[in-house]
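What follows is a single structure, written as structure tokens, with notes after it.
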Amino acid sequence: MPMQPASTEIASRTAAIIEELKDLEGPLLPILHGIQEEFGHVPQAALPVIADGLNLSRAEVHGVVTFYHDFRAQPAGRHVLKLCQAEACQSMGSDAVAAKVKQLLGIDFHETTRDGSVTLEPVYCLGLCACSPSAMLDGEVIGRLDDEKIEEIVAEVRP
């Protein structure tokens, strides 16, 4: 796992992102996305800086970060694999897909492999219902998952 930047570095980099985006209408979400892009996650040390910069309570910022599932409290692996768990995908076998992926990677949802190569996350609709079961690997959608595609995906994300 990469080293975490010191709190003062997090605070200064967070302040720069806030300064750049604070004049947008509804700046909290763009700021959180910018912070996650900068650090690979939203560090706890950034929350009070955001709250102060936007004149919000820490609870309000924490509530937004924890409400949206795309924001991470810890850095993700080098690859992020999201498996659709919505009803259309479930009806087409996403539970079996998830079980196989979990078994091949040796992790569960919301976990990262020990070597840091992949983070596995559930997602609740990729808009690919006609091609279910589906997944997203590093922002690229993949439809009609079967055992062969699952094995290809796992081979791609594992060193």
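Numbering starts fresh at 1 for the residues of each chain in the structure tokens, the chains themselves are lettered A, B, ... in the order given, and ligands are numbered from 1 as they appear.
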*Residue neighbourhood segment 116-121 of chain A, 7 Å, only C-alpha atoms, exclusion window fewer than 3 positions, as a ChimeraX atom specification*: /A:1,76-83,108-113,157-158
_Residues flagged strand (DSSP E) by DSSP in segment 76-118 of chain A, as a count of residues only_ = 9
*Nearest to Ile153 of chain A among A:Gly139, A:His33, A:Ser7, A:Val101, with distances taken over only C-alpha atoms: which residue is it?*
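Nearest candidate to Ile153 of chain A out of A:Gly139, A:His33, A:Ser7, A:Val101: A:Val101.
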_Distance query segment 38-52 of chain A at most 12 Å, only C-alpha atoms, self and fewer than 4 positions along chain excluded, as a ChimeraX atom specification_ = /A:1-19,21-22,27-34,56-66,68-80
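Comparing A:Asp23, A:Asp147, A:Glu156, A:Glu140 by their smallest distance to Ala96 of chain A, the closest is A:Asp147 (using only C-alpha atoms).
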*When DSSP works through the backbone of this structure, what residues of chain A end up as alpha helix (DSSP H), shown as an MDAnalysis selection string?*
chainID A and resid 7:21 28:39 46:54 58:67 87:91 94:105 147:157
_Quick one: residues within 8 Å of segment 128-138 of chain A, only C-alpha atoms, excluding same-chain residues fewer than 4 positions away - as a list in words?_
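The residues satisfying every condition are His79, Val80, Leu81, Lys82, Leu83, Cys84, Ala88, Cys89, Gln90, Met92, Gly93, Ser94, Val97, Ile142, Gly143, Arg144 and Leu145 of chain A.
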